[in-house]
Every structure is written in C-alpha cells, then in structure tokens.
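See structure below.
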Amino acid sequence: MTESPTPITLRIEKWTPSQPSPAVVDFLHRPAFLPEAEEVAHEVLAAIRDEGDEAVARYTRQFNRVELTPDRFEVTKAERMASIDKVDADFKRAVNEAIGRITKFGRAGLRKNWEILSPKGGNLGEFFTPLDRVGCYIPGGAAPLASTALMTVVLAKVAGVAEVIACSPSNEKGEVDPHIVYALDAAGVNQIYRIGGIQAIGAMTYGTATIGAVQKIVGPGGPYVTAAKRLVYGMVDLDLVAGPSEVAILADETARANHVAADLLAQAEHGTGHEKALLVTSSAPLAQAVEKEIVRQRKELPACPELDKVLNEGTLIVVVDNLDIGMELCNAFAPEHFEVIVREPRMWLKKIRRAGAVFVGPWTPESVGDFIAGPSHVLPTGGTAAMFSGLTVDAFRRRTSFISYTRADLQDVLPHIETFGRVEQLPAHARSAAIRFDRE
C-alpha cells in the first residue's frame, strides 16, 4: 500500500432544484479551457507559421527538454520495427483485439450514400468521400496513451483516408514510447513524428519542410494542446477540443460502493490534476460508503500529487431525493463519460441528453470504453458534451450533397428562384435559371 502524503477530504453535498447548493453549482460550471494556455499557444503557433522547422525544434527544446534537428523529427522504419521486440505479447494481443473491435464498430457506423427523387424526375442526395491527409495527436507525456493511437488512426483507415500521420512527444533522449510506436504501426499510420504539444499542432496545421500540413487534426491533449487546437480551427478541421478527463456516475442503492469508488478513481488518475469526478446518488448510505471506499482504495495506488488534487478539489458526491432529479443534474454537468449504475439502467437511456459516451449497468466500467469496446474514446469534455459529439468514423469523411434536376424540375421552381432573387437583390441568380428557357 502507498500512503498518500496529502490527506484526502471528499465533499458530500445535498442537491434539490428548489434550493441549489452553491458548491454543486460551482462544480458544474468548470472552465473548458485555460486562458493562460491560449496566450502561450498563440505565440508558439505564430512562430511555427513563420519559421517552420526551426521554431518546432526550438520549442521542443524549451518545453520537452530534448534536442531534435529536423532530420530526426520522424520516427524511422528501424525504430518502428524495433518496437515489436520492446513490447510484450500481452500488449500485442490487446492491440490486435482492440483494432478488430474498433474496426467492426467503425464500419457499422459508416453512413451510406443516399438519394431521393425530385418532384419532376430528377434526383438529389449525398455522397461521402474520405479526407486525403489527417493528423492524429497521441499524448505521451505523463503516460503512453497507446489506446489513443488506435482510437484515432484505425477510424481514419476505416474511413479510407490515404495518408494518416501521427505526432507524439518523445522523452529527453528523443525516444517515443515503444507501446505508442507499436500501436501506431499496427493501426497503419503512414508517418510518426516525435513532436508533441503546441508545436505538433502548429506543424500539422501550417506544414513545415519536414512535416506536411493536414486537413484535419484529431486526438486529445493537455490544456496547451487544447488551446492550440482552438486557435487553428478554420485553417484545419478538428474533431473537438478535448481537455482533462471527467466522469459522472448516476447510482442507486443497487450499486456496489467499491465498484463506484474504483470508477471515480479511474478518471481521477489521468495525471493533469484538472480531472473531474462526480457521483450523483439517491442513496445516502451509498454516498457515505463510496467516500470511505475512495479513501481506502487510494491507499492502494502509487503516490500521485495530481490524483490527490483531483480527489480534494475535483471530486464531488451529491445526494438527491430521486433518480429523476439526479439525471437532470448529470445532464446539466454534460460529462465526457457517464456511467448509469441503477436498477434497470437501460430504461434511463432515453432521458440522457448530454453526454459524450454512456456506460450502461454494473458490468460496464468506463475503462472498457477507454481501451477495448469499439467506440472512440476521443470525447468532449468541460461541459462541451452539451453541444459536441465524440469522434466517429464519419469525422474523417467529407459529406457532399448533389442535385440533378430535369428541365421540368427547373421550370417547376423557377418562380420561386425569381422571387428569392428579387427579395435578396441578386438578379443574376434569377437570370441564371430563367435564361435556360429564353429560346422557347
């Protein structure tokens, strides 16, 4: 066991809509982005746009404490091959299993081309084509998030993207964790660059002599990566701007306290110190039991000041009078991950309006979504699940509409085109339709 040097003090609050607890209200309105991170990101991105590889190398030295020249940015084929011998057989089996499940889920989610008939014999619809070049950001600082390599690259490949590159930070020796390299290689990535942080986002956005620009950047990151992604949106497309991890659990008296405590700790351990963990329960005894279980289970985990910070500052247990009130509170929180551990949990799915991903029932811990189930774990955070969705295979494809009118179709709508052209003072628009009937 590892005794935490920081005393753990968890908060339990009572919530009623008619008398809202200030502590709960404050917890719900957490910032999705850090303004100070955007200031730094703005400076770094501007330098990379103007100076290219030179700025990438300079900021890699400053932020990551590693000396890299542009000819060392890319992970070599030899290094990719060497990763095979540096990871164990269990990890290889896990990677292969995850790739299979992510691929199956992704293929099932691909939207099909479709069309309908127009009133006068033409047709219209939509078709989907893959993006040409995509960049995946794979965090690798505090821990090697090899699963993120699979949750991004595999979906891009299922979508048919021709070129998929990945950026992941190296250690001070310039080495990318072999588990990340192996996972990226197995997923089918084209190039891997040992670049992290803001400089990776800048390089993939603007392009340098060494790293070609992409059309879209996907993958989670810390607050500085998130800030950089926000600033480059429009020059590239984005999946979303995902920040520190978070979980909400809705539980009743049927939930086991040790399971709930373990799931809350699982999200709190991600390592930034900004994670959020919320338990909402209709059972006061469960709330008390979970509090004790978190303290007990924390002692069994390695020392981690960031984890202790999350438990003391970013974790909240809320007792409500009934599950309907609890569900409304969870919807207001709009969590990245939402576990529903109640009697007959599937009955509550129709009441969920705001969540990145939902984990239904006592046998579905959030960790299955992080690693193996199939849906991508790249999800909206900081309350942005109220407006954004998680990464899917169609995020890597363009959706294009088409219209194929007959002469009769155009004649049918010509009066309406002329009306809109008159109202919007766009006479050439109206004439471009009317001129087709001038000879008659």
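As shown in the structure tokens, the chain order sets the letters A, B, ...; within each chain, residues go from 1, and ligands are also counted from 1 in the order they appear.
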- Task: Give the helix (DSSP H, G or I) residues of region 215-392 of chain A, as assigned by DSSP on the backbone, as a PyMOL selection string.
- Result: chain A and resi 223-232+257-268+284-298+305-313+323-333+345-351+366-371+384-386
Kindly save the residues from that selection, with C-alpha atoms included, as a PDB file, in the first residue's frame.
```pdb
ATOM      1  CA  PRO A 223      -4.569  22.322 -21.835  1.00  0.00           C
ATOM      2  CA  TYR A 224      -1.861  23.691 -24.159  1.00  0.00           C
ATOM      3  CA  VAL A 225      -2.688  21.264 -26.957  1.00  0.00           C
ATOM      4  CA  THR A 226      -6.364  22.081 -26.480  1.00  0.00           C
ATOM      5  CA  ALA A 227      -5.626  25.811 -26.658  1.00  0.00           C
ATOM      6  CA  ALA A 228      -3.574  25.343 -29.813  1.00  0.00           C
ATOM      7  CA  LYS A 229      -6.333  23.346 -31.468  1.00  0.00           C
ATOM      8  CA  ARG A 230      -8.868  26.063 -30.736  1.00  0.00           C
ATOM      9  CA  LEU A 231      -6.619  28.694 -32.315  1.00  0.00           C
ATOM     10  CA  VAL A 232      -6.002  26.799 -35.565  1.00  0.00           C
ATOM     11  CA  ALA A 257     -19.656   1.137  -3.291  1.00  0.00           C
ATOM     12  CA  ASN A 258     -16.304  -0.434  -4.105  1.00  0.00           C
ATOM     13  CA  HIS A 259     -17.163  -0.511  -7.826  1.00  0.00           C
ATOM     14  CA  VAL A 260     -18.291   3.118  -7.866  1.00  0.00           C
ATOM     15  CA  ALA A 261     -15.220   4.254  -5.933  1.00  0.00           C
ATOM     16  CA  ALA A 262     -12.920   2.401  -8.327  1.00  0.00           C
ATOM     17  CA  ASP A 263     -14.572   4.032 -11.336  1.00  0.00           C
ATOM     18  CA  LEU A 264     -14.237   7.516  -9.861  1.00  0.00           C
ATOM     19  CA  LEU A 265     -10.572   6.893  -9.092  1.00  0.00           C
ATOM     20  CA  ALA A 266     -10.014   5.603 -12.625  1.00  0.00           C
ATOM     21  CA  GLN A 267     -10.816   9.009 -14.101  1.00  0.00           C
ATOM     22  CA  ALA A 268      -9.068  10.961 -11.365  1.00  0.00           C
ATOM     23  CA  ALA A 284     -27.266   8.487   1.260  1.00  0.00           C
ATOM     24  CA  PRO A 285     -25.774   5.222   2.626  1.00  0.00           C
ATOM     25  CA  LEU A 286     -24.115   4.593  -0.746  1.00  0.00           C
ATOM     26  CA  ALA A 287     -22.657   8.108  -0.713  1.00  0.00           C
ATOM     27  CA  GLN A 288     -21.076   7.516   2.700  1.00  0.00           C
ATOM     28  CA  ALA A 289     -19.800   4.084   1.694  1.00  0.00           C
ATOM     29  CA  VAL A 290     -18.244   5.402  -1.534  1.00  0.00           C
ATOM     30  CA  GLU A 291     -16.468   8.149   0.392  1.00  0.00           C
ATOM     31  CA  LYS A 292     -14.855   5.564   2.675  1.00  0.00           C
ATOM     32  CA  GLU A 293     -14.022   3.286  -0.265  1.00  0.00           C
ATOM     33  CA  ILE A 294     -12.249   6.049  -2.181  1.00  0.00           C
ATOM     34  CA  VAL A 295     -10.037   6.810   0.801  1.00  0.00           C
ATOM     35  CA  ARG A 296      -9.316   3.099   1.310  1.00  0.00           C
ATOM     36  CA  GLN A 297      -8.599   2.356  -2.364  1.00  0.00           C
ATOM     37  CA  ARG A 298      -6.452   5.472  -2.736  1.00  0.00           C
ATOM     38  CA  PRO A 305       0.010  14.504  -6.144  1.00  0.00           C
ATOM     39  CA  GLU A 306      -2.194  15.189  -9.172  1.00  0.00           C
ATOM     40  CA  LEU A 307      -4.557  12.378  -8.179  1.00  0.00           C
ATOM     41  CA  ASP A 308      -4.787  13.713  -4.640  1.00  0.00           C
ATOM     42  CA  LYS A 309      -5.552  17.171  -6.006  1.00  0.00           C
ATOM     43  CA  VAL A 310      -8.439  15.778  -8.059  1.00  0.00           C
ATOM     44  CA  LEU A 311      -9.859  13.916  -5.067  1.00  0.00           C
ATOM     45  CA  ASN A 312      -9.725  17.011  -2.879  1.00  0.00           C
ATOM     46  CA  GLU A 313     -10.701  19.639  -5.435  1.00  0.00           C
ATOM     47  CA  LEU A 323     -33.070   9.495  -9.768  1.00  0.00           C
ATOM     48  CA  ASP A 324     -35.057  11.898 -11.968  1.00  0.00           C
ATOM     49  CA  ILE A 325     -33.503  14.829 -10.131  1.00  0.00           C
ATOM     50  CA  GLY A 326     -30.153  13.069 -10.361  1.00  0.00           C
ATOM     51  CA  MET A 327     -30.478  12.608 -14.119  1.00  0.00           C
ATOM     52  CA  GLU A 328     -31.230  16.296 -14.608  1.00  0.00           C
ATOM     53  CA  LEU A 329     -28.148  17.169 -12.578  1.00  0.00           C
ATOM     54  CA  CYS A 330     -25.982  14.857 -14.687  1.00  0.00           C
ATOM     55  CA  ASN A 331     -27.410  16.348 -17.884  1.00  0.00           C
ATOM     56  CA  ALA A 332     -26.512  19.795 -16.566  1.00  0.00           C
ATOM     57  CA  PHE A 333     -22.953  18.570 -15.918  1.00  0.00           C
ATOM     58  CA  PRO A 345     -30.328   1.021 -16.333  1.00  0.00           C
ATOM     59  CA  ARG A 346     -31.360   0.799 -19.996  1.00  0.00           C
ATOM     60  CA  MET A 347     -34.706   2.380 -19.095  1.00  0.00           C
ATOM     61  CA  TRP A 348     -32.826   5.606 -18.316  1.00  0.00           C
ATOM     62  CA  LEU A 349     -31.056   5.933 -21.673  1.00  0.00           C
ATOM     63  CA  LYS A 350     -33.906   7.908 -23.224  1.00  0.00           C
ATOM     64  CA  LYS A 351     -33.504  10.565 -20.517  1.00  0.00           C
ATOM     65  CA  GLU A 366     -15.631   3.345 -18.185  1.00  0.00           C
ATOM     66  CA  SER A 367     -12.289   1.616 -18.746  1.00  0.00           C
ATOM     67  CA  VAL A 368     -13.852  -0.668 -21.385  1.00  0.00           C
ATOM     68  CA  GLY A 369     -14.536   2.454 -23.420  1.00  0.00           C
ATOM     69  CA  ASP A 370     -11.040   3.781 -22.884  1.00  0.00           C
ATOM     70  CA  PHE A 371      -9.358   0.646 -24.158  1.00  0.00           C
ATOM     71  CA  THR A 384     -18.942  20.702 -24.168  1.00  0.00           C
ATOM     72  CA  ALA A 385     -20.844  17.405 -24.464  1.00  0.00           C
ATOM     73  CA  ALA A 386     -23.849  19.728 -24.353  1.00  0.00           C
TER      74      ALA A 386
END
```
- Do you know which residues are at most 8 Å from Pro139 (chain A) counting only C-alpha atoms, after dropping those on the same chain fewer than 6 positions away, and could you put them as a PyMOL selection string? chain A and resi 145+148+168-169+196+220-221
- Message: Show me, as a list in words, the residues that have an atom within 6 Å of Tyr193 (chain A) when counting only C-alpha atoms, minus same-chain residues fewer than 3 positions from it.
- Response: Phe73, Glu74, Val75 and Cys167 of chain A
- Query: What is the distance between CA of Glu38 (chain A) and CA of Ala200 (chain A), in Å to one decimal?
  - Reply: 15.1 Å
- Item | Top pick for closest residue to Tyr137 (chain A), considering A:Thr254, A:Ser283, A:Thr205, A:Thr9 and counting only C-alpha atoms | A:Thr205
- Contacts of region 52-61 of chain A at 10 Å or less, counting only C-alpha atoms, minus same-chain residues fewer than 3 places along, as a ChimeraX atom specification? /A:44-49,64-73,169-170,172,194-200,202-203,206-211
If we count only C-alpha atoms and set the cut-off at 9 Å, which residues sit around Ser147 (chain A), ignoring sequence neighbours fewer than 4 positions away in its own chain? Please answer as a PDB file with C-alpha atoms, in the first residue's frame.
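See around_32.pdb below for the written result:
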```pdb
ATOM      1  CA  VAL A  95      -3.741  -4.147 -29.574  1.00  0.00           C
ATOM      2  CA  ALA A  98      -8.823  -3.539 -29.918  1.00  0.00           C
ATOM      3  CA  ILE A 138      -1.195  10.993 -29.335  1.00  0.00           C
ATOM      4  CA  MET A 151      -8.978   5.169 -31.300  1.00  0.00           C
ATOM      5  CA  THR A 152      -7.890   7.692 -33.933  1.00  0.00           C
ATOM      6  CA  ILE A 180       2.744   4.043 -28.809  1.00  0.00           C
ATOM      7  CA  ALA A 183       0.147   0.661 -31.694  1.00  0.00           C
ATOM      8  CA  ASP A 370     -11.040   3.781 -22.884  1.00  0.00           C
ATOM      9  CA  PHE A 371      -9.358   0.646 -24.158  1.00  0.00           C
ATOM     10  CA  ILE A 372     -11.294  -2.024 -25.979  1.00  0.00           C
ATOM     11  CA  HIS A 377     -12.569   7.398 -26.506  1.00  0.00           C
TER      12      HIS A 377
END
```
- Message: Considering only strand (DSSP E) as DSSP defines it on the backbone, what residues of region 103-351 of chain A qualify? List them as a PyMOL selection string.
- Response: chain A and resi 114-117+123-130+133-137+163-167+191-193+216-218+237-238+246-251+276-281+315-319+337-341
How close does region 327-386 of chain A get to region 233-247 of chain A? List, as a tab-separated table, each residue of region 327-386 of chain A within 9 Å, its nearest atom pair and the distance in Å to one decimal, counting only C-alpha atoms.
```
residue	atom	partner	partner_atom	distance
A:Pro335	CA	A:Val247	CA	5.9
A:Glu336	CA	A:Glu246	CA	5.7
A:His337	CA	A:Val247	CA	4.6
A:Phe338	CA	A:Val247	CA	5.8
A:Glu339	CA	A:Val247	CA	7.5
A:Glu366	CA	A:Val247	CA	8.4
A:Val378	CA	A:Ala242	CA	7.4
A:Leu379	CA	A:Ala242	CA	6.5
A:Pro380	CA	A:Ala242	CA	5.3
A:Thr381	CA	A:Ala242	CA	5.4
A:Gly382	CA	A:Gly243	CA	6.9
A:Thr384	CA	A:Ala242	CA	8.7
```
Next, write the just-selected residues to a file, as a PDB file, in the first residue's frame, keeping N, CA and C atoms as the atom set.
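Below is the file result_29.pdb, written as the result:
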```
ATOM      1  N   PRO A 335     -21.299  15.334 -18.903  1.00  0.00           N
ATOM      2  CA  PRO A 335     -19.994  14.704 -18.723  1.00  0.00           C
ATOM      3  C   PRO A 335     -19.432  14.068 -19.988  1.00  0.00           C
ATOM      4  N   GLU A 336     -18.132  13.975 -20.014  1.00  0.00           N
ATOM      5  CA  GLU A 336     -17.445  13.223 -21.063  1.00  0.00           C
ATOM      6  C   GLU A 336     -17.853  11.750 -20.997  1.00  0.00           C
ATOM      7  N   HIS A 337     -17.732  11.164 -19.807  1.00  0.00           N
ATOM      8  CA  HIS A 337     -18.142   9.777 -19.567  1.00  0.00           C
ATOM      9  C   HIS A 337     -19.287   9.769 -18.564  1.00  0.00           C
ATOM     10  N   PHE A 338     -20.302   8.971 -18.845  1.00  0.00           N
ATOM     11  CA  PHE A 338     -21.473   8.922 -17.969  1.00  0.00           C
ATOM     12  C   PHE A 338     -21.815   7.453 -17.688  1.00  0.00           C
ATOM     13  N   GLU A 339     -21.636   7.032 -16.452  1.00  0.00           N
ATOM     14  CA  GLU A 339     -21.992   5.680 -16.041  1.00  0.00           C
ATOM     15  C   GLU A 339     -23.364   5.696 -15.369  1.00  0.00           C
ATOM     16  N   GLU A 366     -16.081   2.433 -17.143  1.00  0.00           N
ATOM     17  CA  GLU A 366     -15.631   3.345 -18.185  1.00  0.00           C
ATOM     18  C   GLU A 366     -14.353   2.861 -18.864  1.00  0.00           C
ATOM     19  N   VAL A 378     -12.130   9.401 -27.820  1.00  0.00           N
ATOM     20  CA  VAL A 378     -11.911  10.841 -28.021  1.00  0.00           C
ATOM     21  C   VAL A 378     -13.270  11.514 -27.910  1.00  0.00           C
ATOM     22  N   LEU A 379     -13.516  12.197 -26.775  1.00  0.00           N
ATOM     23  CA  LEU A 379     -14.843  12.669 -26.404  1.00  0.00           C
ATOM     24  C   LEU A 379     -14.797  14.118 -25.906  1.00  0.00           C
ATOM     25  N   PRO A 380     -15.925  14.825 -25.977  1.00  0.00           N
ATOM     26  CA  PRO A 380     -15.961  16.214 -25.495  1.00  0.00           C
ATOM     27  C   PRO A 380     -15.877  16.290 -23.978  1.00  0.00           C
ATOM     28  N   THR A 381     -15.197  17.310 -23.473  1.00  0.00           N
ATOM     29  CA  THR A 381     -15.007  17.493 -22.032  1.00  0.00           C
ATOM     30  C   THR A 381     -15.404  18.912 -21.632  1.00  0.00           C
ATOM     31  N   GLY A 382     -15.308  19.183 -20.326  1.00  0.00           N
ATOM     32  CA  GLY A 382     -15.548  20.528 -19.831  1.00  0.00           C
ATOM     33  C   GLY A 382     -16.949  21.044 -20.055  1.00  0.00           C
ATOM     34  N   THR A 384     -18.665  20.518 -22.740  1.00  0.00           N
ATOM     35  CA  THR A 384     -18.942  20.702 -24.168  1.00  0.00           C
ATOM     36  C   THR A 384     -19.717  19.531 -24.768  1.00  0.00           C
TER      37      THR A 384
END
```
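One finds CA of Thr400 (chain A) at 5.4 Å from CA of Glu126 (chain A).
Between CA of Lys157 (chain A) and CA of Asn113 (chain A) the interatomic distance comes to 18.5 Å.
Residues in contact range of Ile417 (chain A), defined as at most 8 Å between only C-alpha atoms, with sequence neighbours fewer than 6 positions away removed, read A:His429, A:Ala430, A:Ala433.
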Generate a file of the selected residues that holds C-alpha atoms, formatted as a CSV table (one decimal), in the first residue's frame.
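What ended up in result_31.csv:
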```csv
chain,number,residue,atom,x,y,z
A,429,HIS,CA,-29.1,34.4,-59.7
A,430,ALA,CA,-32.6,34.6,-61.0
A,433,ALA,CA,-32.2,29.9,-64.1
```
- Message: At a cut-off of 8 Å, using only C-alpha atoms, what residues contact region 79-85 of chain A? Leave out same-chain residues fewer than 5 positions from it and give the result as a ChimeraX atom specification.
- Response: /A:178-179,181-182,185
